[in-house]
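A.B. asks: Can you keep this structure in mind? I'll have questions shortly.
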Amino acid sequence: MHDTFEHYKAAADYIAARAPFVPEIAIVLGSCLGPFADTLEERVSIDYADIPNFLVTTVESHAGKLIFGKVRGKRIVCMSGRFHFYEGYDYEQLVIPVRVLKLLGVKTLILTNAAGAVNTDYRPGDVMIIRDHIKLTGASPLRGPNIEEFGPRFFDMTKTYTPCLRELAKACAPQDGLRVHEGVYMFFTGPQFETPAEIRAARILGADAVGMSTVTEALTAAHCSLPVLGLSVMTNMAAGVLDQPLTAEEVDETATRIGAYFSSYVSDIIERM
Ligand code: HPA
């Protein structure tokens, strides 16, 4: 169904006709990091549901809107609400948003998420700049007929998380209020949180954090040569690190607590892009 370039083009054309400008930077707002959208000036929003050939979000805490606006003078588009494999989409459908952003003219993609900390030096509330990822489960979103307009059949993943953007994020790390690390994000499909044994395995494999998003978007961006900055907020210690069950409430609480600090960190990075 999504195997023609025109399919994506129709979505991008619909958005471009209603957008106030060509955005330089797109940012995908992870679970409960939605407050960042409120900091945009001169906001114009478009509901996902109105965009032809787009997807509709099913997660309550995700708004389901593209929001255009300015942050420190930069032209931004936010995806307030993202799409996850656990919602029931096929991997192949998960390429849609990033391809549409690419066609809108976006030059840099910032992916944010809530994640569980596997690295025991991390604490809830810390931020991890994603250096690389591990995805061992399931198929690729790039499976199926290749659309040459976006990129080649076989593509490189060695610098998916763009080195100069990672350096910039490190340089912007605040001296106080937020601890910032750099590490490896491992994708799990969810919706269940991982088991303690899966987390021990993830740690042995080299993961510092685990989560249920971001990787499909990063793969799509790598295919169409879109530079990526990935930022994870550690909302909880991963399963089995502490002797307590994991809950969505804990994830939301930390995300809410850290939201304002995180928003201002992201704005500082955007300003210097
Ligand atoms: N595991 C997977 N996804 C998550 C977690 C976690 O511990 N925390 C927030 N998102």
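Residues are referred to by chain and number: the chain letter is A, B, ... according to the order shown in the structure tokens, the number counts from 1 in that chain, and ligands are numbered separately from 1 in the order shown.
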Neighbours of ligand 1 at 9 Å or closer, counting only C-alpha atoms and all ligand atoms: which residues, as a VMD selection string?
C.D. replies: chain A and resid 31 113 to 118 186 to 194 199 209 to 213 233 to 239 246 to 248 250 to 252
A.B. asks: Could you name the residues that touch A:Leu94 at 9 Å or less, counting only C-alpha atoms, but leaving out those on the same chain fewer than 3 positions away, as a PDB file with all heavy atoms, in the first residue's frame?
C.D. replies:
ATOM      1  N   LEU A  55      -0.745   8.143   9.492  1.00  0.00           N
ATOM      2  CA  LEU A  55      -1.219   7.174  10.477  1.00  0.00           C
ATOM      3  C   LEU A  55      -1.916   7.932  11.603  1.00  0.00           C
ATOM      4  O   LEU A  55      -1.677   9.120  11.794  1.00  0.00           O
ATOM      5  CB  LEU A  55      -0.039   6.391  11.060  1.00  0.00           C
ATOM      6  CG  LEU A  55       0.807   5.576  10.072  1.00  0.00           C
ATOM      7  CD1 LEU A  55       2.052   5.040  10.765  1.00  0.00           C
ATOM      8  CD2 LEU A  55      -0.015   4.433   9.498  1.00  0.00           C
ATOM      9  N   PHE A  83       4.228   6.835  16.481  1.00  0.00           N
ATOM     10  CA  PHE A  83       3.626   5.534  16.188  1.00  0.00           C
ATOM     11  C   PHE A  83       4.580   4.418  16.599  1.00  0.00           C
ATOM     12  O   PHE A  83       5.767   4.473  16.290  1.00  0.00           O
ATOM     13  CB  PHE A  83       3.291   5.452  14.696  1.00  0.00           C
ATOM     14  CG  PHE A  83       2.460   6.609  14.250  1.00  0.00           C
ATOM     15  CD1 PHE A  83       3.026   7.684  13.589  1.00  0.00           C
ATOM     16  CD2 PHE A  83       1.107   6.657  14.556  1.00  0.00           C
ATOM     17  CE1 PHE A  83       2.263   8.780  13.220  1.00  0.00           C
ATOM     18  CE2 PHE A  83       0.329   7.752  14.197  1.00  0.00           C
ATOM     19  CZ  PHE A  83       0.910   8.815  13.519  1.00  0.00           C
ATOM     20  N   HIS A  84       4.038   3.432  17.300  1.00  0.00           N
ATOM     21  CA  HIS A  84       4.858   2.333  17.819  1.00  0.00           C
ATOM     22  C   HIS A  84       4.399   1.011  17.223  1.00  0.00           C
ATOM     23  O   HIS A  84       3.210   0.822  16.956  1.00  0.00           O
ATOM     24  CB  HIS A  84       4.708   2.227  19.341  1.00  0.00           C
ATOM     25  CG  HIS A  84       4.937   3.507  20.090  1.00  0.00           C
ATOM     26  ND1 HIS A  84       3.975   4.476  20.206  1.00  0.00           N
ATOM     27  CD2 HIS A  84       6.026   3.969  20.749  1.00  0.00           C
ATOM     28  CE1 HIS A  84       4.454   5.492  20.925  1.00  0.00           C
ATOM     29  NE2 HIS A  84       5.702   5.212  21.255  1.00  0.00           N
ATOM     30  N   PHE A  85       5.328   0.100  17.140  1.00  0.00           N
ATOM     31  CA  PHE A  85       4.996  -1.245  16.657  1.00  0.00           C
ATOM     32  C   PHE A  85       3.926  -1.895  17.545  1.00  0.00           C
ATOM     33  O   PHE A  85       3.004  -2.546  17.061  1.00  0.00           O
ATOM     34  CB  PHE A  85       6.282  -2.096  16.629  1.00  0.00           C
ATOM     35  CG  PHE A  85       6.067  -3.483  16.138  1.00  0.00           C
ATOM     36  CD1 PHE A  85       5.819  -3.732  14.796  1.00  0.00           C
ATOM     37  CD2 PHE A  85       6.112  -4.565  17.013  1.00  0.00           C
ATOM     38  CE1 PHE A  85       5.618  -5.026  14.337  1.00  0.00           C
ATOM     39  CE2 PHE A  85       5.908  -5.851  16.562  1.00  0.00           C
ATOM     40  CZ  PHE A  85       5.667  -6.084  15.222  1.00  0.00           C
ATOM     41  N   TYR A  89       0.681  -1.464  14.277  1.00  0.00           N
ATOM     42  CA  TYR A  89       1.131  -1.131  12.921  1.00  0.00           C
ATOM     43  C   TYR A  89       2.128  -2.180  12.450  1.00  0.00           C
ATOM     44  O   TYR A  89       2.835  -2.790  13.250  1.00  0.00           O
ATOM     45  CB  TYR A  89       1.836   0.241  12.893  1.00  0.00           C
ATOM     46  CG  TYR A  89       0.979   1.356  13.403  1.00  0.00           C
ATOM     47  CD1 TYR A  89       1.262   1.957  14.622  1.00  0.00           C
ATOM     48  CD2 TYR A  89      -0.123   1.795  12.693  1.00  0.00           C
ATOM     49  CE1 TYR A  89       0.466   2.967  15.122  1.00  0.00           C
ATOM     50  CE2 TYR A  89      -0.927   2.805  13.185  1.00  0.00           C
ATOM     51  CZ  TYR A  89      -0.627   3.384  14.400  1.00  0.00           C
ATOM     52  OH  TYR A  89      -1.427   4.366  14.895  1.00  0.00           O
ATOM     53  N   ASP A  90       2.187  -2.364  11.153  1.00  0.00           N
ATOM     54  CA  ASP A  90       3.255  -3.187  10.592  1.00  0.00           C
ATOM     55  C   ASP A  90       4.518  -2.341  10.568  1.00  0.00           C
ATOM     56  O   ASP A  90       4.445  -1.113  10.452  1.00  0.00           O
ATOM     57  CB  ASP A  90       2.912  -3.596   9.156  1.00  0.00           C
ATOM     58  CG  ASP A  90       1.684  -4.477   9.115  1.00  0.00           C
ATOM     59  OD1 ASP A  90       1.470  -5.243  10.071  1.00  0.00           O
ATOM     60  OD2 ASP A  90       0.926  -4.372   8.128  1.00  0.00           O
ATOM     61  N   TYR A  91       5.671  -2.995  10.637  1.00  0.00           N
ATOM     62  CA  TYR A  91       6.927  -2.237  10.547  1.00  0.00           C
ATOM     63  C   TYR A  91       6.938  -1.350   9.303  1.00  0.00           C
ATOM     64  O   TYR A  91       7.404  -0.226   9.336  1.00  0.00           O
ATOM     65  CB  TYR A  91       8.135  -3.185  10.485  1.00  0.00           C
ATOM     66  CG  TYR A  91       8.581  -3.683  11.832  1.00  0.00           C
ATOM     67  CD1 TYR A  91       8.448  -5.014  12.171  1.00  0.00           C
ATOM     68  CD2 TYR A  91       9.139  -2.817  12.760  1.00  0.00           C
ATOM     69  CE1 TYR A  91       8.868  -5.482  13.398  1.00  0.00           C
ATOM     70  CE2 TYR A  91       9.558  -3.265  14.001  1.00  0.00           C
ATOM     71  CZ  TYR A  91       9.422  -4.604  14.309  1.00  0.00           C
ATOM     72  OH  TYR A  91       9.834  -5.050  15.528  1.00  0.00           O
ATOM     73  N   PRO A  97       5.911   8.587   8.780  1.00  0.00           N
ATOM     74  CA  PRO A  97       6.156   9.958   9.274  1.00  0.00           C
ATOM     75  C   PRO A  97       7.511  10.518   8.864  1.00  0.00           C
ATOM     76  O   PRO A  97       7.589  11.663   8.399  1.00  0.00           O
ATOM     77  CB  PRO A  97       6.063   9.797  10.796  1.00  0.00           C
ATOM     78  CG  PRO A  97       5.272   8.557  11.008  1.00  0.00           C
ATOM     79  CD  PRO A  97       5.574   7.660   9.864  1.00  0.00           C
ATOM     80  N   VAL A  98       8.568   9.754   9.019  1.00  0.00           N
ATOM     81  CA  VAL A  98       9.903  10.283   8.728  1.00  0.00           C
ATOM     82  C   VAL A  98      10.053  10.572   7.232  1.00  0.00           C
ATOM     83  O   VAL A  98      10.654  11.582   6.847  1.00  0.00           O
ATOM     84  CB  VAL A  98      11.001   9.321   9.246  1.00  0.00           C
ATOM     85  CG1 VAL A  98      12.382   9.750   8.772  1.00  0.00           C
ATOM     86  CG2 VAL A  98      10.958   9.262  10.770  1.00  0.00           C
ATOM     87  N   PRO A 141      11.585  -1.908   9.087  1.00  0.00           N
ATOM     88  CA  PRO A 141      10.597  -1.058   8.419  1.00  0.00           C
ATOM     89  C   PRO A 141      10.936  -0.836   6.946  1.00  0.00           C
ATOM     90  O   PRO A 141      10.067  -0.435   6.172  1.00  0.00           O
ATOM     91  CB  PRO A 141      10.662   0.264   9.203  1.00  0.00           C
ATOM     92  CG  PRO A 141      11.897   0.208  10.021  1.00  0.00           C
ATOM     93  CD  PRO A 141      12.277  -1.226  10.185  1.00  0.00           C
ATOM     94  N   THR A 216      12.806   2.472  14.731  1.00  0.00           N
ATOM     95  CA  THR A 216      12.183   2.390  13.403  1.00  0.00           C
ATOM     96  C   THR A 216      12.333   3.730  12.678  1.00  0.00           C
ATOM     97  O   THR A 216      12.582   3.779  11.472  1.00  0.00           O
ATOM     98  CB  THR A 216      10.687   2.032  13.520  1.00  0.00           C
ATOM     99  OG1 THR A 216      10.081   2.896  14.474  1.00  0.00           O
ATOM    100  CG2 THR A 216      10.503   0.590  13.939  1.00  0.00           C
ATOM    101  N   GLU A 217      12.221   4.814  13.428  1.00  0.00           N
ATOM    102  CA  GLU A 217      12.350   6.156  12.824  1.00  0.00           C
ATOM    103  C   GLU A 217      13.800   6.409  12.412  1.00  0.00           C
ATOM    104  O   GLU A 217      14.064   6.968  11.336  1.00  0.00           O
ATOM    105  CB  GLU A 217      11.886   7.211  13.831  1.00  0.00           C
ATOM    106  CG  GLU A 217      10.399   7.094  14.149  1.00  0.00           C
ATOM    107  CD  GLU A 217      10.069   7.441  15.602  1.00  0.00           C
ATOM    108  OE1 GLU A 217      10.984   7.735  16.381  1.00  0.00           O
ATOM    109  OE2 GLU A 217       8.869   7.400  15.947  1.00  0.00           O
ATOM    110  N   THR A 220      14.562   4.583   9.209  1.00  0.00           N
ATOM    111  CA  THR A 220      13.970   5.266   8.062  1.00  0.00           C
ATOM    112  C   THR A 220      14.792   6.498   7.686  1.00  0.00           C
ATOM    113  O   THR A 220      15.018   6.782   6.504  1.00  0.00           O
ATOM    114  CB  THR A 220      12.515   5.694   8.379  1.00  0.00           C
ATOM    115  OG1 THR A 220      11.816   4.568   8.905  1.00  0.00           O
ATOM    116  CG2 THR A 220      11.811   6.219   7.157  1.00  0.00           C
TER     117      THR A 220
END
A.B. asks: Measuring atom to atom with only C-alpha atoms, identify which of A:Glu24, A:Gly73, A:Cys172, A:Asp13 is nearest to A:Thr39.
C.D. replies: A:Gly73
A.B. asks: So how far away is atom CA of A:Arg123 from atom CA of A:Thr256, in Å?
C.D. replies: 15.4 Å
A.B. asks: With distances taken over only C-alpha atoms, which of A:Tyr48, A:Tyr185, A:Phe36, A:Tyr265 is nearest to A:Met128?
C.D. replies: A:Tyr185
A.B. asks: Report as an MDAnalysis selection string: the residues of stretch 96-244 of chain A with a DSSP assignment of strand (DSSP E or B), based on the backbone of this structure.
C.D. replies: chainID A and resid 108:117 127:134 161 180:187 209:211 228:237
A.B. asks: Enumerate the residues of stretch 1-219 of chain A with a DSSP assignment of alpha helix (DSSP H), computed from the backbone, and present them as an MDAnalysis selection string.
C.D. replies: chainID A and resid 5:18 96:104 163:171 196:205 215:219
A.B. asks: Take atom CA of A:Val228 and atom CA of A:Phe54 and report the distance between them in Å, one decimal.
C.D. replies: 21.4 Å
A.B. asks: Which residue gives the smallest distance to A:Phe155 among A:Ala169, A:Asp243, A:Leu142, A:Val44, with only C-alpha atoms counted?
C.D. replies: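 Distance minimum relative to A:Phe155 lands on A:Leu142.
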A.B. asks: Grab the atom CA of A:Leu229 to atom CA of A:Pro145 distance for me, in Å with one decimal place.
C.D. replies: 27.2 Å
A.B. asks: Please provide as a list in words all residues within 12 Å of A:Gly64, with the sequence filter that same-chain residues fewer than 5 positions apart are discarded (counting only C-alpha atoms).
C.D. replies: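 In the requested format, the answer is Val28, Leu29, Gly30, Ser31, Gly34, Ser45, Ile46, Asp47, Tyr48, Ala49, Asp50, Ile51, Phe54, Leu55, Val56, Thr57, Thr58, Val59, Cys78, Met79, Ser80, Gly81, Arg82, Phe83 and Pro97 of chain A.
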A.B. asks: Identify, on the basis of only C-alpha atoms, every residue whose closest approach to stretch 223-225 of chain A does not exceed 8 Å; exclude the query and any residue fewer than 4 positions from it along the same chain; express the result as a list of chain:residue names.
C.D. replies: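 So the residues in contact are A:Arg99, A:Lys102, A:Leu142, A:Phe150, A:Gly151, A:Pro152, A:Phe155, A:Asp156, A:Leu219.
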A.B. asks: Please provide as a ChimeraX atom specification all residues within 12 Å of A:Ile76, with the sequence filter that same-chain residues fewer than 3 positions apart are discarded (counting only C-alpha atoms).
C.D. replies: /A:19-28,36-37,39-45,66-73,79,101,104-110,266-267,270-271,273
A.B. asks: Kindly indicate which residue among A:Lys159, A:Arg18, A:Lys74, A:Lys9 lies nearest to A:Ala222, using only C-alpha atoms for the distances.
C.D. replies: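 Among the listed residues, the smallest separation from A:Ala222 belongs to A:Lys159.
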A.B. asks: With distances taken over only C-alpha atoms, which residue among A:Leu103, A:Asp176, A:His181, A:Glu92 lies nearest A:Ala16?
C.D. replies: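 Using only C-alpha atoms, A:Ala16 sits closest to A:Leu103.
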